[in-house]
file coords.txt (compact mmCIF, C-alpha atoms and all ligand atoms)
# COMPACT_ATOMS: atom_id res chain seq x y z
CA LEU A 21 -25.51 -7.68 7.50
CA ASN A 22 -27.88 -8.79 10.21
CA SER A 23 -27.71 -12.42 9.25
CA THR A 24 -23.89 -12.29 9.19
CA ASP A 25 -24.02 -10.72 12.61
CA LEU A 26 -26.24 -13.46 13.93
CA THR A 27 -24.09 -16.25 12.58
CA LEU A 28 -20.99 -14.61 14.07
CA HIS A 29 -22.72 -15.11 17.40
CA ASP A 30 -23.20 -18.81 16.56
CA LEU A 31 -19.43 -19.14 16.72
CA ASN A 32 -19.76 -18.97 20.48
CA HIS A 33 -21.44 -22.35 20.63
CA GLU A 34 -19.29 -25.41 20.88
CA PHE A 35 -19.59 -27.88 18.04
CA PRO A 36 -21.79 -29.93 17.79
CA THR A 37 -24.52 -27.36 18.28
CA SER A 38 -28.00 -28.39 19.38
CA ASN A 39 -29.47 -27.75 15.92
CA ASP A 40 -26.92 -30.05 14.34
CA ASP A 41 -28.33 -33.56 14.52
CA THR A 42 -26.02 -35.22 12.01
CA HIS A 43 -22.87 -35.05 14.09
CA SER A 44 -23.12 -38.12 16.24
CA SER A 45 -22.45 -40.67 13.52
CA LEU A 46 -19.93 -38.50 11.65
CA PHE A 47 -17.54 -37.23 14.29
CA ASN A 48 -15.63 -39.01 17.02
CA HIS A 49 -14.16 -37.43 20.13
CA ASP A 50 -10.84 -36.57 18.46
CA ASP A 51 -12.66 -34.90 15.58
CA LEU A 52 -14.64 -32.73 17.97
CA VAL A 53 -11.49 -31.67 19.83
CA GLN A 54 -9.87 -30.55 16.56
CA ILE A 55 -13.00 -28.86 15.24
CA ASN A 56 -13.52 -26.90 18.45
CA SER A 57 -9.89 -25.94 18.59
CA LEU A 58 -10.10 -24.53 15.04
CA ARG A 59 -13.34 -22.77 15.94
CA ASN A 60 -11.71 -21.13 18.97
CA ASP A 61 -8.62 -20.19 17.01
CA THR A 62 -10.75 -18.63 14.25
CA LYS A 63 -12.79 -16.76 16.87
CA SER A 64 -9.67 -15.16 18.27
CA LYS A 65 -8.45 -14.27 14.76
CA ILE A 66 -11.85 -12.67 14.08
CA ARG A 67 -11.63 -10.63 17.29
CA GLU A 68 -8.12 -9.49 16.46
CA SER A 69 -9.09 -8.43 12.92
CA LEU A 70 -12.21 -6.61 14.09
CA ARG A 71 -10.10 -4.71 16.63
CA VAL A 72 -7.72 -3.60 13.88
CA ILE A 73 -10.61 -2.48 11.66
CA ALA A 74 -12.39 -0.74 14.56
CA SER A 75 -9.23 1.16 15.51
CA GLN A 76 -8.82 2.43 11.93
CA LEU A 77 -12.50 3.39 11.69
CA ASN A 78 -11.73 5.72 14.60
CA VAL A 79 -8.91 7.30 12.62
CA TYR A 80 -10.44 7.50 9.12
CA HIS A 81 -13.83 8.47 7.72
CA LEU A 82 -15.39 6.08 5.24
CA ASN A 83 -14.60 8.46 2.40
CA GLN A 84 -10.89 8.17 3.26
CA LEU A 85 -10.99 4.37 3.13
CA SER A 86 -11.21 1.79 0.39
CA ILE A 87 -10.94 -1.99 0.31
CA SER A 88 -8.78 -3.76 -2.27
CA TYR A 89 -11.10 -6.48 -3.49
CA ASN A 90 -10.17 -8.94 -6.26
CA GLY A 91 -12.85 -11.59 -5.62
CA GLY A 92 -10.42 -13.96 -3.86
CA LYS A 93 -11.28 -15.80 -0.64
CA ASP A 94 -9.04 -13.65 1.57
CA CYS A 95 -10.40 -10.23 0.67
CA LEU A 96 -13.88 -11.78 0.77
CA VAL A 97 -13.33 -12.64 4.44
CA LEU A 98 -11.90 -9.17 4.98
CA LEU A 99 -14.95 -7.59 3.33
CA ILE A 100 -17.36 -9.48 5.64
CA LEU A 101 -15.34 -8.41 8.69
CA TYR A 102 -15.28 -4.81 7.47
CA LEU A 103 -19.06 -4.86 6.94
CA SER A 104 -19.68 -6.44 10.36
CA GLN A 105 -17.53 -3.87 12.09
CA LEU A 106 -19.28 -1.05 10.21
CA ALA A 107 -22.66 -2.47 11.23
CA THR A 108 -21.57 -2.46 14.88
CA THR A 109 -20.20 1.07 14.62
CA THR A 110 -23.40 2.23 12.91
CA THR A 111 -25.65 0.85 15.64
CA THR A 112 -23.63 2.16 18.57
CA ASP A 113 -23.25 5.63 17.05
CA ASN A 114 -26.86 5.97 16.05
CA ASN A 115 -26.99 9.70 16.68
CA ASN A 116 -24.05 10.50 14.49
CA ASN A 117 -25.23 12.00 11.19
CA SER A 118 -22.51 10.68 8.93
CA ASN A 119 -23.15 7.14 10.16
CA LYS A 120 -26.86 7.56 9.59
CA ASN A 121 -26.09 8.48 6.02
CA PHE A 122 -24.10 5.32 5.67
CA SER A 123 -26.96 3.10 6.80
CA LYS A 124 -29.21 4.67 4.14
CA LYS A 125 -26.72 4.42 1.33
CA PRO A 126 -24.44 1.48 1.97
CA LEU A 127 -21.90 1.92 -0.82
CA LEU A 128 -18.40 0.91 0.15
CA ASP A 129 -15.51 2.05 -2.01
CA SER A 130 -13.42 -0.76 -3.39
CA ILE A 131 -10.60 -1.02 -5.86
CA TYR A 132 -9.72 -3.83 -8.23
CA ILE A 133 -6.78 -3.88 -10.60
CA ASN A 134 -7.07 -6.39 -13.35
CA TYR A 135 -3.55 -7.15 -14.53
CA GLU A 136 -4.05 -10.66 -15.90
CA HIS A 137 -6.42 -12.52 -18.18
CA ASN A 138 -9.11 -13.65 -15.74
CA PHE A 139 -11.08 -16.86 -15.49
CA SER A 140 -14.65 -15.98 -16.43
CA ASP A 141 -15.90 -17.58 -13.17
CA LEU A 142 -13.80 -15.07 -11.24
CA ASP A 143 -15.15 -12.16 -13.31
CA SER A 144 -18.73 -13.33 -12.66
CA PHE A 145 -18.04 -13.67 -8.96
CA ILE A 146 -16.54 -10.19 -8.74
CA ASP A 147 -19.60 -8.78 -10.54
CA ALA A 148 -22.12 -10.68 -8.40
CA SER A 149 -20.43 -9.94 -5.06
CA THR A 150 -19.90 -6.28 -5.96
CA LEU A 151 -23.66 -6.03 -6.37
CA SER A 152 -24.69 -8.05 -3.34
CA TYR A 153 -22.30 -6.29 -0.95
CA HIS A 154 -23.13 -2.86 -2.41
CA LEU A 155 -19.58 -2.07 -3.36
CA HIS A 156 -18.68 0.99 -5.34
CA LEU A 157 -15.94 -0.62 -7.37
CA THR A 158 -13.26 1.20 -9.32
CA ASN A 159 -11.52 -1.04 -11.80
CA TYR A 160 -8.26 -0.52 -13.71
CA SER A 161 -6.53 -2.71 -16.25
CA CYS A 162 -2.83 -2.09 -15.65
CA ASP A 163 -0.15 -3.13 -13.18
CA LEU A 164 -0.82 -2.75 -9.44
CA ILE A 165 1.39 0.29 -8.80
CA GLN A 166 0.02 2.24 -11.76
CA GLY A 167 -3.52 1.25 -10.73
CA PHE A 168 -3.12 2.71 -7.25
CA ARG A 169 -1.49 5.83 -8.70
CA ASN A 170 -4.57 6.30 -10.92
CA TYR A 171 -6.92 5.59 -8.04
CA LEU A 172 -5.34 8.15 -5.71
CA SER A 173 -5.32 10.86 -8.33
CA LYS A 174 -8.99 10.18 -9.15
CA PHE A 175 -9.97 10.00 -5.43
CA PRO A 176 -7.53 12.26 -3.56
CA SER A 177 -9.53 11.89 -0.31
CA LYS A 178 -8.37 8.26 0.00
CA LYS A 179 -5.83 7.85 2.78
CA ALA A 180 -5.89 4.16 3.64
CA ILE A 181 -6.66 0.87 1.90
CA LEU A 182 -7.71 -2.41 3.48
CA ILE A 183 -5.87 -5.44 2.12
CA GLY A 184 -6.57 -9.17 2.53
CA VAL A 185 -2.90 -10.07 2.71
CA ARG A 186 -1.78 -12.83 5.11
CA LYS A 187 1.66 -13.52 6.59
CA ASN A 188 1.89 -16.73 4.57
CA ASP A 189 1.77 -14.73 1.32
CA PRO A 190 5.12 -14.17 -0.42
CA TYR A 191 7.25 -11.38 1.18
CA SER A 192 4.52 -10.73 3.77
CA GLN A 193 5.82 -12.33 6.96
CA HIS A 194 7.07 -9.00 8.38
CA LEU A 195 4.06 -6.85 7.57
CA ASN A 196 2.24 -4.95 10.34
CA PHE A 197 -1.49 -4.42 10.77
CA VAL A 198 -1.12 -0.76 9.81
CA GLN A 199 1.75 0.72 7.87
CA ASN A 200 2.71 3.00 5.03
CA THR A 201 3.37 1.67 1.54
CA ASP A 202 6.99 1.02 0.50
CA ASN A 203 9.04 3.77 -1.14
CA ASN A 204 8.51 2.62 -4.71
CA TRP A 205 4.73 2.66 -4.19
CA PRO A 206 2.32 5.62 -4.22
CA SER A 207 2.02 6.76 -0.62
CA PHE A 208 -0.98 5.64 1.44
CA ILE A 209 -1.67 3.64 4.59
CA ARG A 210 -2.03 -0.13 4.24
CA ILE A 211 -4.46 -1.74 6.69
CA ASN A 212 -3.82 -5.50 6.89
CA PRO A 213 -6.37 -6.89 9.40
CA ILE A 214 -6.16 -10.61 8.55
CA LEU A 215 -2.36 -11.00 8.61
CA ASN A 216 -2.47 -13.85 11.13
CA TRP A 217 -5.14 -15.95 9.45
CA ASN A 218 -4.20 -19.25 7.88
CA LEU A 219 -5.99 -21.32 5.25
CA LYS A 220 -7.97 -23.31 7.80
CA ASN A 221 -9.26 -20.12 9.46
CA ILE A 222 -10.30 -18.72 6.07
CA TRP A 223 -12.24 -21.84 5.09
CA PHE A 224 -13.76 -22.32 8.53
CA PHE A 225 -15.06 -18.74 8.37
CA ILE A 226 -16.42 -19.03 4.82
CA LEU A 227 -18.03 -22.45 5.22
CA PHE A 228 -19.34 -21.90 8.75
CA LEU A 229 -20.94 -18.58 7.81
CA LYS A 230 -22.25 -19.98 4.49
CA ILE A 231 -20.60 -17.24 2.49
CA ASN A 232 -20.79 -17.53 -1.28
CA TYR A 233 -17.36 -17.73 -2.86
CA CYS A 234 -15.88 -18.02 -6.33
CA SER A 235 -16.76 -21.43 -7.80
CA LEU A 236 -13.17 -22.04 -8.99
CA TYR A 237 -12.25 -23.04 -5.43
CA ASN A 238 -14.62 -26.00 -5.61
CA LEU A 239 -12.69 -27.29 -8.64
CA GLY A 240 -9.33 -27.43 -6.84
CA TYR A 241 -7.86 -23.99 -7.50
CA THR A 242 -6.42 -22.66 -4.23
CA SER A 243 -4.95 -19.33 -5.40
CA LEU A 244 -6.44 -17.42 -8.29
CA GLY A 245 -4.19 -15.77 -10.86
CA GLY A 246 -4.63 -15.31 -14.60
CA THR A 247 -5.71 -18.12 -16.93
CA ASN A 248 -2.21 -18.40 -18.40
CA SER A 249 -0.47 -18.67 -15.02
CA THR A 250 -2.83 -20.73 -12.85
CA ILE A 251 -3.66 -24.42 -12.69
CA LYS A 252 -5.53 -26.49 -10.11
CA ASN A 253 -3.38 -27.21 -7.09
CA PRO A 254 -1.48 -30.45 -7.88
CA ASN A 255 -1.51 -31.31 -4.15
CA LEU A 256 -5.29 -31.68 -4.37
CA LEU A 257 -5.14 -34.31 -7.11
CA LYS A 258 -7.33 -37.04 -5.69
CA ILE A 259 -4.87 -39.83 -6.49
CA LYS A 260 -1.83 -38.03 -5.09
CA PHE A 261 -3.78 -36.70 -2.14
CA ALA A 262 -4.72 -40.18 -0.99
CA LEU A 263 -1.03 -41.07 -0.70
CA LEU A 264 0.01 -37.88 1.13
CA ASN A 265 -2.94 -37.53 3.45
CA HIS A 266 -2.00 -37.45 7.13
CA SER A 267 -4.57 -38.78 9.54
CA ASN A 268 -4.27 -35.76 11.88
CA ASN A 269 -5.69 -33.55 9.11
CA SER A 270 -8.74 -35.59 8.35
CA SER A 271 -11.03 -34.30 11.14
CA ILE A 272 -11.04 -30.81 9.67
CA GLN A 273 -11.56 -32.15 6.15
CA LYS A 274 -14.47 -34.23 7.42
CA TYR A 275 -15.97 -31.17 9.10
CA PHE A 276 -15.49 -28.92 6.07
CA THR A 277 -17.09 -31.60 3.89
CA HIS A 278 -20.01 -31.72 6.32
CA LEU A 279 -20.45 -27.92 6.10
CA TYR A 280 -20.02 -27.94 2.31
CA ASN A 281 -22.70 -30.61 1.87
CA LYS A 282 -25.03 -28.87 4.30
CA ASN A 283 -24.58 -25.45 2.67
CA ASN A 284 -25.26 -26.86 -0.79
CA LYS A 285 -28.35 -28.92 0.09
CA ASN A 286 -30.53 -26.92 -2.30
CA ASN A 287 -27.91 -26.07 -4.89
CA LEU A 288 -28.53 -27.68 -8.29
CA ASP A 289 -24.96 -26.95 -9.46
CA PHE A 290 -23.47 -28.71 -6.45
CA ILE A 291 -20.29 -30.68 -7.14
CA PRO A 292 -20.11 -33.60 -4.67
CA ILE A 293 -16.67 -34.13 -3.12
CA ASN A 294 -16.35 -37.55 -4.72
CA ASP A 295 -17.72 -36.54 -8.12
CA PRO A 296 -15.93 -38.93 -10.52
CA LEU A 297 -15.73 -36.13 -13.12
CA GLN A 298 -13.53 -34.05 -10.79
CA ASP A 299 -9.93 -35.19 -10.46
CA HIS A 300 -9.14 -32.62 -7.73
CA TYR A 301 -10.57 -32.02 -4.26
CA PRO A 302 -11.94 -28.54 -3.44
CA ALA A 303 -9.58 -25.83 -2.17
CA PHE A 304 -10.74 -26.22 1.43
CA PHE A 305 -9.10 -29.67 1.55
CA LEU A 306 -5.66 -28.09 1.50
CA GLN A 307 -4.30 -27.78 5.04
CA ASN A 308 -0.69 -26.80 4.42
CA ASP A 309 -0.38 -23.04 3.95
CA LEU A 310 2.97 -23.43 2.23
CA LEU A 311 1.33 -25.29 -0.66
CA GLU A 312 -1.37 -22.69 -1.39
CA ARG A 313 0.39 -21.33 -4.50
CA ALA A 314 1.54 -24.66 -5.90
CA GLY A 315 -0.84 -24.09 -8.84
CA ARG A 316 0.71 -20.74 -9.73
CA PHE A 317 3.52 -20.35 -12.30
CA LYS A 318 4.39 -16.80 -11.20
CA PRO A 319 4.35 -15.43 -7.64
CA PHE A 320 1.34 -13.31 -8.66
P1 LIG B 1 -3.49 -12.25 -2.89
O1 LIG B 1 -3.98 -13.20 -1.86
O2 LIG B 1 -3.92 -12.37 -4.29
O3 LIG B 1 -3.74 -10.77 -2.46
C1 LIG B 1 -3.70 -10.32 -1.13
C2 LIG B 1 -4.67 -9.16 -1.06
O4 LIG B 1 -4.22 -8.07 -1.87
C3 LIG B 1 -6.06 -9.49 -1.60
O5 LIG B 1 -6.83 -10.12 -0.61
C4 LIG B 1 -6.56 -8.13 -1.98
O6 LIG B 1 -7.00 -7.43 -0.83
C5 LIG B 1 -5.32 -7.46 -2.51
N1 LIG B 1 -5.19 -7.64 -3.95
C6 LIG B 1 -4.39 -8.53 -4.59
N2 LIG B 1 -4.48 -8.39 -5.91
C7 LIG B 1 -5.34 -7.39 -6.12
C8 LIG B 1 -5.85 -6.76 -7.29
N3 LIG B 1 -5.45 -7.15 -8.49
N4 LIG B 1 -6.72 -5.75 -7.15
C9 LIG B 1 -7.11 -5.36 -5.93
N5 LIG B 1 -6.67 -5.90 -4.79
C10 LIG B 1 -5.79 -6.90 -4.88
N6 LIG B 1 3.82 -4.49 -2.35
C11 LIG B 1 4.97 -3.92 -1.94
O7 LIG B 1 6.03 -4.49 -2.15
N7 LIG B 1 4.97 -2.74 -1.26
C12 LIG B 1 3.83 -2.07 -0.99
O8 LIG B 1 3.88 -1.01 -0.38
C13 LIG B 1 2.59 -2.64 -1.43
N8 LIG B 1 1.42 -2.01 -1.20
C14 LIG B 1 0.25 -2.59 -1.61
C15 LIG B 1 -0.96 -1.95 -1.37
C16 LIG B 1 -2.16 -2.53 -1.78
C17 LIG B 1 -3.46 -1.82 -1.51
C18 LIG B 1 -2.16 -3.77 -2.44
C19 LIG B 1 -3.44 -4.42 -2.91
C20 LIG B 1 -0.96 -4.38 -2.70
C21 LIG B 1 0.24 -3.82 -2.29
N9 LIG B 1 1.47 -4.46 -2.53
C22 LIG B 1 2.63 -3.87 -2.10
C23 LIG B 1 1.52 -5.74 -3.27
C24 LIG B 1 1.24 -6.91 -2.32
O9 LIG B 1 2.33 -7.07 -1.44
C25 LIG B 1 1.02 -8.20 -3.13
O10 LIG B 1 2.14 -8.44 -3.91
C26 LIG B 1 -0.17 -8.10 -4.02
O11 LIG B 1 -1.27 -7.69 -3.26
C27 LIG B 1 -0.49 -9.43 -4.67
O12 LIG B 1 -0.96 -10.27 -3.69
P2 LIG B 1 -0.86 -11.84 -3.83
O13 LIG B 1 -1.24 -12.27 -5.20
O14 LIG B 1 0.48 -12.24 -3.33
O15 LIG B 1 -1.91 -12.34 -2.77
MG MG B 2 -4.63 -14.51 -0.76
MG MG B 3 -3.12 -12.49 -6.22

call {"tool": "encode", "arguments": {"input": "coords.txt", "output": "structure tokens", "more": "lines below"}}
Ligand code: FAD
Ligand code: MG
Ligand code: MG
result
Amino acid sequence: LNSTDLTLHDLNHEFPTSNDDTHSSLFNHDDLVQINSLRNDTKSKIRESLRVIASQLNVYHLNQLSISYNGGKDCLVLLILYLSQLATTTTTDNNNNSNKNFSKKPLLDSIYINYEHNFSDLDSFIDASTLSYHLHLTNYSCDLIQGFRNYLSKFPSKKAILIGVRKNDPYSQHLNFVQNTDNNWPSFIRINPILNWNLKNIWFFILFLKINYCSLYNLGYTSLGGTNSTIKNPNLLKIKFALLNHSNNSSIQKYFTHLYNKNNKNNLDFIPINDPLQDHYPAFFLQNDLLERAGRFKPF
């Protein structure tokens, strides 16, 4: 938590930062303008999301909340924001007993409904991140609605669930930060703090803060469904990509590549961007939000 907190502060420094000596040869003036504009945009998205989470932490106790966490990049970002906001709340309310308890026993309730045949890399990532973020995960193998019905009857104290949904997701453009579920769903409050984030914000956040993510994204998957309904995003095919690539996107790709290389300096399993064995670029090369699900045969 502390290290995440510290790196969130780093976001306040313009790029290139003083400890970043590789920039001068890599980035021209236009690159730096685009990188700093994305950094500022992501900062304001972070602030907005933290405000939503903070406001709901004033309404609900931790035992009334749960986070829907399926190991994907979006709920991973949401989880980090949730943890950061909890850390802030815990420090400022140091005399409050219930918060003290939390700092001793940091188990956050989370819910995962496994309704497809998963990639084993996704299963391993869910297991590993559940451990490292001290999640208390409840897992069901059934459809989403039935899963939440089961969850609420097992944990009747739960009133609200945090969701990593974004407005670019199917049928999500009219969602609010906080709202009830639809009529055909079991009744609870949906908290959607990252509604306004786009793909670039998600990848800036993850790469800048050096957050571990599911390895499938490095292979060119951009949206993770079941093994029988998900392929690598065809828009990331290296050959096709070269033809479609617009020059105004390349600064961010250059920067993400820089962060990716830097973050993986000591990683023996590192897949270099131009690895000849990989015919797709990593997920963070995709800039167009509308193409995120191009590797999915079903909406979800
Ligand atoms: P993704 O990017 O895969 O998912 C968006 C977010 O949903 C994830 O970041 C994660 O937080 C959560 N999520 C997705 N799949 C799972 C899973 N298998 N297990 C746990 N969390 C998951 N639809 C309605 O029409 N009306 C509703 O009232 C409604 N309420 C919902 C409440 C919750 C808590 C959730 C998780 C979903 C709800 N949905 C509802 C369905 C939602 O609109 C999406 O269809 C669904 O989350 C699948 O998301 P996706 O694959 O499009 O996007
Ligand atoms: Mg998503
Ligand atoms: Mg999904």

call {"tool": "closest_residue", "arguments": {"input": "coords.txt", "among": "A:Asn203, A:Ser152, A:Ser57, A:Ser243", "to": "ligand MG 3 (chain B)", "atoms": "all atoms listed in the file"}}
result
A:Ser243

call {"tool": "atom_distance", "arguments": {"input": "coords.txt", "atom1": "atom CA of Gln199 of chain A", "atom2": "atom CA of Arg316 of chain A"}}
result
27.8 Å

call {"tool": "residues_around", "arguments": {"input": "coords.txt", "residues": "segment 128-140 of chain A", "least_positions_apart": "5", "cutoff": "7 Å", "atoms": "all atoms listed in the file", "output": "PDB file with C-alpha atoms, in the coordinates of the input"}}
result
ATOM      1  CA  SER A  86     -11.210   1.790   0.390  1.00  0.00           C
ATOM      2  CA  ILE A  87     -10.940  -1.990   0.310  1.00  0.00           C
ATOM      3  CA  SER A  88      -8.780  -3.760  -2.270  1.00  0.00           C
ATOM      4  CA  TYR A  89     -11.100  -6.480  -3.490  1.00  0.00           C
ATOM      5  CA  ASN A  90     -10.170  -8.940  -6.260  1.00  0.00           C
ATOM      6  CA  HIS A 154     -23.130  -2.860  -2.410  1.00  0.00           C
ATOM      7  CA  LEU A 155     -19.580  -2.070  -3.360  1.00  0.00           C
ATOM      8  CA  HIS A 156     -18.680   0.990  -5.340  1.00  0.00           C
ATOM      9  CA  LEU A 157     -15.940  -0.620  -7.370  1.00  0.00           C
ATOM     10  CA  THR A 158     -13.260   1.200  -9.320  1.00  0.00           C
ATOM     11  CA  ASN A 159     -11.520  -1.040 -11.800  1.00  0.00           C
ATOM     12  CA  TYR A 160      -8.260  -0.520 -13.710  1.00  0.00           C
ATOM     13  CA  SER A 161      -6.530  -2.710 -16.250  1.00  0.00           C
ATOM     14  CA  CYS A 162      -2.830  -2.090 -15.650  1.00  0.00           C
ATOM     15  CA  ASP A 163      -0.150  -3.130 -13.180  1.00  0.00           C
ATOM     16  CA  LEU A 164      -0.820  -2.750  -9.440  1.00  0.00           C
ATOM     17  CA  GLY A 167      -3.520   1.250 -10.730  1.00  0.00           C
ATOM     18  CA  GLY A 246      -4.630 -15.310 -14.600  1.00  0.00           C
ATOM     19  CA  THR A 247      -5.710 -18.120 -16.930  1.00  0.00           C
TER      20      THR A 247
END

call {"tool": "atom_distance", "arguments": {"input": "coords.txt", "atom1": "atom CA of Tyr280 of chain A", "atom2": "atom CA of Lys187 of chain A"}}
result
26.4 Å

call {"tool": "closest_residue", "arguments": {"input": "coords.txt", "among": "A:Trp217, A:Pro176, A:Asn284, A:Gly240", "to": "Ser64 of chain A", "atoms": "only C-alpha atoms"}}
result
A:Trp217

call {"tool": "atom_distance", "arguments": {"input": "coords.txt", "atom1": "atom CA of Arg210 of chain A", "atom2": "atom CA of Ser177 of chain A"}}
result
14.9 Å

call {"tool": "closest_atom_pairs", "arguments": {"input": "coords.txt", "of": "chain A", "to": "ligand MG 2 (chain B)", "cutoff": "7 Å", "atoms": "only C-alpha atoms and all ligand atoms", "output": "JSON lines"}}
result
{"residue": "A:Gly92", "atom": "CA", "partner": "B:MG2", "partner_atom": "MG", "distance": 6.6}
{"residue": "A:Lys93", "atom": "CA", "partner": "B:MG2", "partner_atom": "MG", "distance": 6.8}
{"residue": "A:Asp94", "atom": "CA", "partner": "B:MG2", "partner_atom": "MG", "distance": 5.1}
{"residue": "A:Gly184", "atom": "CA", "partner": "B:MG2", "partner_atom": "MG", "distance": 6.6}
{"residue": "A:Val185", "atom": "CA", "partner": "B:MG2", "partner_atom": "MG", "distance": 5.9}
{"residue": "A:Arg186", "atom": "CA", "partner": "B:MG2", "partner_atom": "MG", "distance": 6.7}
{"residue": "A:Asp189", "atom": "CA", "partner": "B:MG2", "partner_atom": "MG", "distance": 6.7}
{"residue": "A:Ser243", "atom": "CA", "partner": "B:MG2", "partner_atom": "MG", "distance": 6.7}

call {"tool": "closest_residue", "arguments": {"input": "coords.txt", "among": "A:Leu151, A:Cys95, A:Leu236, A:Ile291", "to": "ligand MG 3 (chain B)", "atoms": "only C-alpha atoms and all ligand atoms"}}
result
A:Cys95

call {"tool": "residues_near_point", "arguments": {"input": "coords.txt", "point": "(-13.2, -6.8, 9.4)", "cutoff": "9 Å", "atoms": "only C-alpha atoms", "output": "JSON, numbers by chain"}}
result
{"A": [66, 67, 69, 70, 71, 72, 73, 74, 97, 98, 99, 100, 101, 102, 103, 104, 105, 106, 213, 214]}

call {"tool": "closest_residue", "arguments": {"input": "coords.txt", "among": "A:Asn294, A:Asn170, A:Ser149, A:Gln273", "to": "Phe224 of chain A", "atoms": "only C-alpha atoms"}}
result
A:Gln273

call {"tool": "closest_residue", "arguments": {"input": "coords.txt", "among": "A:Gln193, A:Cys234, A:Lys260, A:Gly91", "to": "ligand MG 3 (chain B)", "atoms": "all atoms listed in the file"}}
result
A:Gly91

call {"tool": "closest_residue", "arguments": {"input": "coords.txt", "among": "A:Leu244, A:Leu58, A:Ile293, A:Leu172", "to": "Phe208 of chain A", "atoms": "all atoms listed in the file"}}
result
A:Leu172

call {"tool": "residues_around", "arguments": {"input": "coords.txt", "residues": "Trp223 of chain A", "least_positions_apart": "6", "cutoff": "12 Å", "atoms": "all atoms listed in the file", "output": "ChimeraX atom specification"}}
result
/A:58-59,62,93-94,96-97,217,229-233,237-238,242,272-273,275-277,279-280,302-307,309

call {"tool": "decode", "arguments": {"input": "coords.txt", "residues": "segment 243-290 of chain A", "atoms": "C-alpha atoms", "output": "mmCIF file, in the first residue's frame"}}
result
data_model
loop_
_atom_site.group_PDB
_atom_site.id
_atom_site.type_symbol
_atom_site.label_atom_id
_atom_site.label_comp_id
_atom_site.auth_asym_id
_atom_site.auth_seq_id
_atom_site.Cartn_x
_atom_site.Cartn_y
_atom_site.Cartn_z
ATOM 1 C CA SER A 243 -10.325 -8.393 -23.402
ATOM 2 C CA LEU A 244 -10.374 -11.680 -21.535
ATOM 3 C CA GLY A 245 -13.273 -14.081 -21.965
ATOM 4 C CA GLY A 246 -13.348 -17.875 -22.017
ATOM 5 C CA THR A 247 -10.926 -19.983 -24.063
ATOM 6 C CA ASN A 248 -13.656 -20.898 -26.552
ATOM 7 C CA SER A 249 -14.755 -17.305 -27.164
ATOM 8 C CA THR A 250 -11.547 -15.250 -27.072
ATOM 9 C CA ILE A 251 -8.692 -14.770 -29.520
ATOM 10 C CA LYS A 252 -5.856 -12.252 -29.642
ATOM 11 C CA ASN A 253 -7.039 -8.891 -30.912
ATOM 12 C CA PRO A 254 -6.708 -9.012 -34.729
ATOM 13 C CA ASN A 255 -6.011 -5.247 -34.732
ATOM 14 C CA LEU A 256 -2.755 -5.952 -32.904
ATOM 15 C CA LEU A 257 -1.446 -8.307 -35.582
ATOM 16 C CA LYS A 258 1.989 -6.894 -36.261
ATOM 17 C CA ILE A 259 1.610 -7.003 -40.047
ATOM 18 C CA LYS A 260 -1.850 -5.416 -40.094
ATOM 19 C CA PHE A 261 -0.926 -2.952 -37.387
ATOM 20 C CA ALA A 262 1.932 -1.534 -39.429
ATOM 21 C CA LEU A 263 -0.517 -0.620 -42.198
ATOM 22 C CA LEU A 264 -3.149 0.936 -39.916
ATOM 23 C CA ASN A 265 -0.869 2.765 -37.524
ATOM 24 C CA HIS A 266 -1.520 6.499 -37.346
ATOM 25 C CA SER A 267 1.447 8.671 -36.501
ATOM 26 C CA ASN A 268 -0.465 10.648 -33.838
ATOM 27 C CA ASN A 269 -0.740 7.467 -31.756
ATOM 28 C CA SER A 270 2.888 6.538 -31.778
ATOM 29 C CA SER A 271 4.100 8.800 -28.931
ATOM 30 C CA ILE A 272 1.997 6.935 -26.397
ATOM 31 C CA GLN A 273 3.047 3.568 -27.809
ATOM 32 C CA LYS A 274 6.672 4.654 -27.575
ATOM 33 C CA TYR A 275 6.165 5.731 -23.967
ATOM 34 C CA PHE A 276 4.318 2.546 -22.987
ATOM 35 C CA THR A 277 7.092 0.498 -24.605
ATOM 36 C CA HIS A 278 9.632 2.491 -22.590
ATOM 37 C CA LEU A 279 7.745 1.760 -19.337
ATOM 38 C CA TYR A 280 7.239 -1.905 -20.282
ATOM 39 C CA ASN A 281 10.964 -2.388 -20.963
ATOM 40 C CA LYS A 282 11.920 -0.535 -17.799
ATOM 41 C CA ASN A 283 9.478 -2.486 -15.616
ATOM 42 C CA ASN A 284 10.709 -5.811 -16.977
ATOM 43 C CA LYS A 285 14.451 -5.138 -16.701
ATOM 44 C CA ASN A 286 14.934 -8.030 -14.275
ATOM 45 C CA ASN A 287 12.207 -10.310 -15.561
ATOM 46 C CA LEU A 288 13.500 -13.542 -17.101
ATOM 47 C CA ASP A 289 10.134 -14.283 -18.770
ATOM 48 C CA PHE A 290 10.100 -10.905 -20.491
#
